[in-house]
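The block underneath contains the structure these notes are about, expressed in C-alpha cells.
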Protein chains: 2
Amino acid sequence: MAKESGKTTDRRLGGVFAPVATPFGADLAPDPRRFVAHCRWLLAHGCAGLAPFGTTSEANSLSVDEREALLDALLAAGVPADRLMPGTGCCALTDSVRLTAHAVRHGCAAVLMLPPFYYKNVSEDGLFRSFAEVVERVGDDRLRVFLYHIPPIAQVGFGPRLVERLRKAYPRAIAGMKDSSGDFGNTRTMLEAFAKDGFQVFVGSERFLLDNLRHGGVGCITATGNVNAAAIERVYAEWQGPDADRLQEELNVVRGLVEKLPVIPAVKAIIAAHAGDPGWARVRPPLVDLAPAQVEPLLAELRARGFDMPGLRAG
Amino acid sequence: MAKESGKTTDRRLGGVFAPVATPFGADLAPDPRRFVAHCRWLLAHGCAGLAPFGTTSEANSLSVDEREALLDALLAAGVPADRLMPGTGCCALTDSVRLTAHAVRHGCAAVLMLPPFYYKNVSEDGLFRSFAEVVERVGDDRLRVFLYHIPPIAQVGFGPRLVERLRKAYPRAIAGMKDSSGDFGNTRTMLEAFAKDGFQVFVGSERFLLDNLRHGGVGCITATGNVNAAAIERVYAEWQGPDADRLQEELNVVRGLVEKLPVIPAVKAIIAAHAGDPGWARVRPPLVDLAPAQVEPLLAELRARGFDMPGLRAG
C-alpha cells in the first residue's frame with residue numbers, strides 16, 4: 001500500500017472548476033496558446049480551479065502525449081499547479097498511471113479520474129483493483145484522486161460500496177468525487193455516506209450546485225464553467241444568503257439555453273464568439289462543429305439576458 | 001481524398017482469425033515472448049490470420065506504446081505481416097492515426113478499427129469524419145480497414161448508411177467489417193447491402209460462422225479462435241460439405257462451455273492450463289482473474305469432449 005503518513009489536514013478544494021475546453025488549430029492539433037489564455041481568463045473570472053482534460057475538454061479525443069504537452073504548457077505559463085485537477089483516467093492502466101504521476105510530480109492539487117470505460121459490466125473487484133494499481137504505482141503521498149462518476153457517457157461508474165472500499169484502503173488518496181450522473185439522489189447518497197469523513201463531492205452541473213452545498217458538497221465542475229463561471233461562483237459565495245435560490249434559478253436558465261444544443265460544441269462556439277476568434281469553435285471528431293444557424297439564436301438569447309464574457313477578447 | 005489508384009484486385013481475407021490474447025508478466029507488463037509463441041502456434045493450428053489488439057486482447061487496456069512494441073515484436077520474430085489485422089481504433093484520432101500508419105507501414109494485411117467509443121449518441125457525420133480523417137491522414141494506398149462493430153461493448157457502432165457513405169468515399173480502404181453485434185440479422189443486413197461489391201464480412205463469434213459463409217461472408221474473428229481454431233477452421237473449409245451443420249453444432253457446444261465464464265479470462269485460463277504456464281492466465285484490471293474453482297470444471301468439461309491444444313506446451 002502507498003505510504004499514507006502523518007495526520008496533516010488536507011486543503012479542501014471547492015467552488016467552481018471549469019473542465020477546460022480544448023482549442024484546436026485548423027489541423028485539429030491542440031492549440032496551447034489559446035488554451036493558456038482561456039485558462040488565465042477562467043481563473044480571473046470566477047473559477048476557483050481548473051479541471052483540464054475532462055469530458056468537455058474532449059480529453060479522450062487527445063493522445064496521452066497531447067495531454068501531457070498541454071499541461072506542461074499551462075505550468076510553463078505560470079498557471080499555478082495547486083489550482084489544477086487534470087483528468088487522468090484512461091482505459092489503459094499504464095496511461096492512467098503515466099498521466100497521474102505526471103500531474104502529481106508537477107504539484108497539481110488533485111486529479112479527476114474516470115474508471116476504465118471500454119469494458120462494460122465490469123466487477124467491483126476489477127474497478128477497485130484498477131484504482132488501487134494507480135494509487136500504488138504512482139506511490140506518492142501527495143496524490144489526491146477525485147472519482148469521476150459519469151455513467152451517461154462512461155457507462156462504467158462508482159457505487160457506494162466501491163467508494164467505501166477505496167476510501168478504506170486509501171483514506172487520503174481517495175479525496176472526493178465529481179458526480180455527473182445528473183441525478184441528485186445519487187449525489188445525496190454519496191454525501192450522506194462519506195461527506196462527514198471529509199469526502200469532497202462536486203456536482204457535474206451547476207443545476208445542482210445549491211443542493212450540493214446545502215447537503216455538504218463542495219462545489220461544481222461544469223461545462224458551462226467555461227463561459228459563465230462568475231455567475232456560478234456567486235451562488236457558491238452566497239449560498240447561505242437570502243438571494244441564493246433566485247441566483248440558482250438564473251443559472252438554470254442560462255444552462256437550459258446552452259443545453260438546447262450539444263453542450264461541448266455550444267460552449268466552444270460561445271467562447272469563439274466572445275473572443276472574436278471563430279477557430280475556437282472547432283471540435284475533434286467524433287464531435288461535430290455547430291452550424292452558424294444553430295449558434296446564432298443561442299448567442300442572441302444569451303445577449304438578451306445580459307450574458308457577457310468581459311475581457312475575453314484581449315486574451 | 002487519399003489517392004486510390006488503379007483497379008488491382010485485392011486479396012480477399014477469410015477464414016478464422018484470432019483476436020490474440022495478450023499475456024502479461026507478474027508486473028502486468030505485456031510479455032512479448034509468450035505473445036510471439038502463441039501467435040506462431042495459432043498460425044500453425046487453424047488460424048488464417050491474427051487480429052492482435054482486439055477486445056479479447058485487452059487492447060484498450062494497453063497504451064499505444066505497448067501496442068506498437070508488441071506488433072514490432074511479432075514482426076521481428078518473422079510472423080508474416082500479410083496475415084495480420086491489428087486493432088487500431090482508439091478514442092483519440094491521433095492514436096488511431098498513429099497505430100494505423102504503423103500497421104500499414106509494416107505491411108499488415110489490414111486493420112480492425114473500433115469507432116471512437118467515449119462519447120455516446122454521436123452523429124453519423126461525426127463518425128464518418130473520424131474514419132475519413134484516419135484514412136486521409138494515413139494517406140497510404142495499401143490501407144484496408146475492417147470496421148469493428150461491437151455495440152454491446154463499444155456502444156457506438158456502424159449502421160448501413162454510415163457504411164455506405166464510407167464505402168462511397170473510400171471504396172478500397174473500407175474493405176469490410178467484423179460484426180460482433182451478436183445479432184445475425186444485422187450481419188445479414190450488411191451482407192445483403194454490401195457483400196456483392198466485395199465488402200468482406202467477418203462475424204465476431206463462430207456461432208454464426210456457417211450462417212455467415214452461406215450468406216456471402218468470409219469468416220470469423222473470434223475469442224475462442226485463441227484455443228479452438230482448428231475445429232473452427234474445419235467448418236470454414238467444409239462449409240459446403242455434408243457435415244457442415246454437425247461440425248457447426250460441435251463448435252457451438254464448445255463455445256457454450258467457454259461462455260459460462262467471462263470469456264476473456266476463460267480463454268486465457270485455457271491457454272495457461274494447456275501451456276502448463278499459470279502466468280498466462282493473468283488479466284489487466286478492470287478484468288479479473290478467474291479462481292481455480294471456476295476454471296477446473298470448464299477444463300474438465302472440455303477434456304471430456306476430447307478438446308486439446310496439441311503442441312502448445314512446447315511454445
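Identifiers for the C-alpha cells are assigned positionally: chains receive A, B, ... in sequence, residues are indexed from 1 per chain, and ligands are indexed from 1 in the order shown.
Within 7 Å of range 40-53 of chain B there are Gly15, Val16, Phe17, Ala18, Pro19, Val20, Ala59, Arg83, Leu84, Met85, Pro86, Gly87, Asn226, Ala229, Ala230, Glu233 and Leu312 of chain B, counting only C-alpha atoms and ignoring same-chain residues fewer than 6 positions away.
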Can you spit out the residues from that selection as a PDB file, in the first residue's frame, using N, CA, C and O atoms?
ATOM      1  N   GLY B  15     -11.474 -16.871 -43.521  1.00  0.00           N
ATOM      2  CA  GLY B  15     -11.115 -17.938 -42.611  1.00  0.00           C
ATOM      3  C   GLY B  15     -11.226 -17.520 -41.158  1.00  0.00           C
ATOM      4  O   GLY B  15     -11.982 -16.605 -40.819  1.00  0.00           O
ATOM      5  N   VAL B  16     -10.451 -18.179 -40.326  1.00  0.00           N
ATOM      6  CA  VAL B  16     -10.510 -17.945 -38.883  1.00  0.00           C
ATOM      7  C   VAL B  16      -9.370 -17.031 -38.470  1.00  0.00           C
ATOM      8  O   VAL B  16      -8.198 -17.323 -38.728  1.00  0.00           O
ATOM      9  N   PHE B  17      -9.725 -15.936 -37.848  1.00  0.00           N
ATOM     10  CA  PHE B  17      -8.740 -15.024 -37.266  1.00  0.00           C
ATOM     11  C   PHE B  17      -8.909 -15.057 -35.739  1.00  0.00           C
ATOM     12  O   PHE B  17     -10.038 -15.036 -35.251  1.00  0.00           O
ATOM     13  N   ALA B  18      -7.790 -15.092 -35.038  1.00  0.00           N
ATOM     14  CA  ALA B  18      -7.862 -14.994 -33.572  1.00  0.00           C
ATOM     15  C   ALA B  18      -7.534 -13.567 -33.150  1.00  0.00           C
ATOM     16  O   ALA B  18      -6.521 -13.013 -33.553  1.00  0.00           O
ATOM     17  N   PRO B  19      -8.413 -12.990 -32.330  1.00  0.00           N
ATOM     18  CA  PRO B  19      -8.062 -11.739 -31.658  1.00  0.00           C
ATOM     19  C   PRO B  19      -7.145 -12.147 -30.510  1.00  0.00           C
ATOM     20  O   PRO B  19      -7.609 -12.580 -29.465  1.00  0.00           O
ATOM     21  N   VAL B  20      -5.859 -12.039 -30.758  1.00  0.00           N
ATOM     22  CA  VAL B  20      -4.871 -12.740 -29.921  1.00  0.00           C
ATOM     23  C   VAL B  20      -4.917 -12.254 -28.474  1.00  0.00           C
ATOM     24  O   VAL B  20      -4.791 -11.050 -28.203  1.00  0.00           O
ATOM     25  N   ALA B  59      -6.902  -4.891 -25.658  1.00  0.00           N
ATOM     26  CA  ALA B  59      -6.129  -3.853 -26.350  1.00  0.00           C
ATOM     27  C   ALA B  59      -6.347  -2.477 -25.742  1.00  0.00           C
ATOM     28  O   ALA B  59      -5.415  -1.680 -25.644  1.00  0.00           O
ATOM     29  N   ARG B  83      -0.481 -11.641 -42.731  1.00  0.00           N
ATOM     30  CA  ARG B  83      -1.501 -12.422 -42.022  1.00  0.00           C
ATOM     31  C   ARG B  83      -2.010 -11.675 -40.789  1.00  0.00           C
ATOM     32  O   ARG B  83      -2.708 -12.262 -39.951  1.00  0.00           O
ATOM     33  N   LEU B  84      -1.689 -10.404 -40.700  1.00  0.00           N
ATOM     34  CA  LEU B  84      -2.049  -9.631 -39.502  1.00  0.00           C
ATOM     35  C   LEU B  84      -3.091  -8.548 -39.799  1.00  0.00           C
ATOM     36  O   LEU B  84      -2.996  -7.848 -40.809  1.00  0.00           O
ATOM     37  N   MET B  85      -4.056  -8.450 -38.895  1.00  0.00           N
ATOM     38  CA  MET B  85      -5.071  -7.402 -38.944  1.00  0.00           C
ATOM     39  C   MET B  85      -5.161  -6.786 -37.546  1.00  0.00           C
ATOM     40  O   MET B  85      -6.099  -7.051 -36.795  1.00  0.00           O
ATOM     41  N   PRO B  86      -4.171  -5.979 -37.175  1.00  0.00           N
ATOM     42  CA  PRO B  86      -4.173  -5.440 -35.816  1.00  0.00           C
ATOM     43  C   PRO B  86      -5.315  -4.452 -35.583  1.00  0.00           C
ATOM     44  O   PRO B  86      -5.720  -3.726 -36.497  1.00  0.00           O
ATOM     45  N   GLY B  87      -5.794  -4.422 -34.370  1.00  0.00           N
ATOM     46  CA  GLY B  87      -6.771  -3.425 -33.962  1.00  0.00           C
ATOM     47  C   GLY B  87      -6.085  -2.086 -33.768  1.00  0.00           C
ATOM     48  O   GLY B  87      -5.033  -2.012 -33.122  1.00  0.00           O
ATOM     49  N   ASN B 226      -8.588 -18.366 -30.163  1.00  0.00           N
ATOM     50  CA  ASN B 226      -7.340 -18.498 -29.408  1.00  0.00           C
ATOM     51  C   ASN B 226      -7.084 -19.925 -28.924  1.00  0.00           C
ATOM     52  O   ASN B 226      -5.952 -20.257 -28.576  1.00  0.00           O
ATOM     53  N   ALA B 229      -9.116 -22.985 -32.799  1.00  0.00           N
ATOM     54  CA  ALA B 229      -9.122 -22.541 -34.198  1.00  0.00           C
ATOM     55  C   ALA B 229      -9.194 -23.707 -35.181  1.00  0.00           C
ATOM     56  O   ALA B 229      -9.842 -23.597 -36.226  1.00  0.00           O
ATOM     57  N   ALA B 230      -8.542 -24.805 -34.872  1.00  0.00           N
ATOM     58  CA  ALA B 230      -8.521 -25.907 -35.840  1.00  0.00           C
ATOM     59  C   ALA B 230      -9.937 -26.415 -36.124  1.00  0.00           C
ATOM     60  O   ALA B 230     -10.308 -26.658 -37.283  1.00  0.00           O
ATOM     61  N   GLU B 233     -11.804 -23.808 -38.071  1.00  0.00           N
ATOM     62  CA  GLU B 233     -11.321 -23.782 -39.449  1.00  0.00           C
ATOM     63  C   GLU B 233     -11.954 -24.902 -40.272  1.00  0.00           C
ATOM     64  O   GLU B 233     -12.192 -24.745 -41.472  1.00  0.00           O
ATOM     65  N   LEU B 312       1.089 -26.982 -27.719  1.00  0.00           N
ATOM     66  CA  LEU B 312       1.155 -25.651 -27.099  1.00  0.00           C
ATOM     67  C   LEU B 312       2.235 -25.615 -26.018  1.00  0.00           C
ATOM     68  O   LEU B 312       2.934 -24.609 -25.863  1.00  0.00           O
TER      69      LEU B 312
END
*asked:* DSSP on the backbone: which residues in range 3-185 of chain B end up as helix (DSSP H, G or I)? Give the answer as a count of residues only.
replied: 76
*Have a look at A:Val201, A:Val135, A:Cys91, A:Ala293 and name the one nearest to chain B; count only C-alpha atoms.*
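Under the stated criterion, the closest residue is A:Cys91.
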For chain B versus chain A, which residues have an atom no more than 7 Å away, and what is each residue's nearest atom pair and distance in Å rounded to one decimal, using only C-alpha atoms, chain-then-number order, as a tab-separated table?
residue	atom	partner	partner_atom	distance
B:Asn60	CA	A:Cys91	CA	5.8
B:Ser61	CA	A:Ala92	CA	3.7
B:Leu62	CA	A:Ala92	CA	5.0
B:Ser63	CA	A:Ala92	CA	5.8
B:Cys91	CA	A:Ser61	CA	5.5
B:Ala92	CA	A:Ser61	CA	3.8
B:Leu93	CA	A:Ser61	CA	6.2
B:Thr94	CA	A:Ser63	CA	6.2
B:Asp95	CA	A:Ser63	CA	5.9
B:Pro116	CA	A:Pro286	CA	6.7
B:Tyr118	CA	A:Ala154	CA	6.5
B:Tyr119	CA	A:Ile153	CA	6.0
B:Lys120	CA	A:Ile153	CA	5.9
B:Val122	CA	A:Pro286	CA	6.5
B:Gly126	CA	A:Pro286	CA	4.2
B:Leu127	CA	A:Pro286	CA	5.3
B:Arg129	CA	A:Pro285	CA	6.2
B:Ser130	CA	A:Pro285	CA	5.2
B:Ile153	CA	A:Lys120	CA	5.9
B:Ala154	CA	A:Tyr118	CA	6.5
B:Pro285	CA	A:Ser130	CA	5.2
B:Pro286	CA	A:Gly126	CA	4.2
B:Leu287	CA	A:Gly126	CA	5.3
B:Val288	CA	A:Gly126	CA	5.5
*Write out as a ChimeraX atom specification which residues come within 9 Å of range 240-253 of chain A when counting only C-alpha atoms, dropping same-chain ones fewer than 5 positions away.*
/A:206-210,214,228,231-232,234-235,258
Dump of N, CA, C and O atoms for the selected residues, as a CSV table (one decimal), in the first residue's frame:
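Listed below is the output, result-v2.csv:
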chain,number,residue,atom,x,y,z
A,206,GLU,N,-24.0,22.9,-12.7
A,206,GLU,CA,-24.4,23.9,-11.7
A,206,GLU,C,-25.8,23.9,-11.4
A,206,GLU,O,-26.3,24.5,-10.4
A,207,ARG,N,-26.6,23.1,-12.1
A,207,ARG,CA,-28.0,23.0,-11.7
A,207,ARG,C,-28.2,22.5,-10.3
A,207,ARG,O,-29.1,22.7,-9.6
A,208,PHE,N,-27.2,21.6,-9.9
A,208,PHE,CA,-27.3,21.0,-8.6
A,208,PHE,C,-26.4,21.7,-7.5
A,208,PHE,O,-26.2,21.1,-6.5
A,209,LEU,N,-25.9,22.8,-7.9
A,209,LEU,CA,-24.9,23.5,-7.0
A,209,LEU,C,-25.4,23.8,-5.6
A,209,LEU,O,-24.9,23.4,-4.6
A,210,LEU,N,-26.6,24.5,-5.6
A,210,LEU,CA,-27.1,24.9,-4.3
A,210,LEU,C,-27.5,23.7,-3.5
A,210,LEU,O,-27.2,23.6,-2.3
A,214,ARG,N,-25.9,22.7,0.1
A,214,ARG,CA,-26.8,22.6,1.3
A,214,ARG,C,-26.7,21.2,1.9
A,214,ARG,O,-27.1,21.0,3.1
A,228,ASN,N,-19.5,30.8,-18.0
A,228,ASN,CA,-20.4,31.5,-17.0
A,228,ASN,C,-20.0,31.4,-15.6
A,228,ASN,O,-20.8,31.4,-14.6
A,231,ALA,N,-21.0,34.0,-12.6
A,231,ALA,CA,-22.3,33.9,-12.1
A,231,ALA,C,-22.5,32.6,-11.2
A,231,ALA,O,-23.2,32.6,-10.2
A,232,ILE,N,-21.9,31.5,-11.6
A,232,ILE,CA,-21.9,30.3,-10.8
A,232,ILE,C,-21.2,30.5,-9.5
A,232,ILE,O,-21.7,30.1,-8.4
A,234,ARG,N,-21.0,33.1,-7.9
A,234,ARG,CA,-21.8,33.9,-6.9
A,234,ARG,C,-22.8,33.0,-6.1
A,234,ARG,O,-23.0,33.3,-4.9
A,235,VAL,N,-23.3,32.0,-6.7
A,235,VAL,CA,-24.1,31.1,-5.9
A,235,VAL,C,-23.3,30.4,-4.9
A,235,VAL,O,-23.7,30.2,-3.7
A,258,VAL,N,-28.0,26.8,-23.1
A,258,VAL,CA,-26.8,26.1,-23.7
A,258,VAL,C,-27.2,24.6,-24.0
A,258,VAL,O,-26.8,24.1,-25.0
*From a DSSP pass on the backbone, collect the residues of range 62-128 of chain A flagged as strand (DSSP E or B) and hand them back as JSON, numbers by chain.*
{"A": [84, 87, 111, 112, 113]}
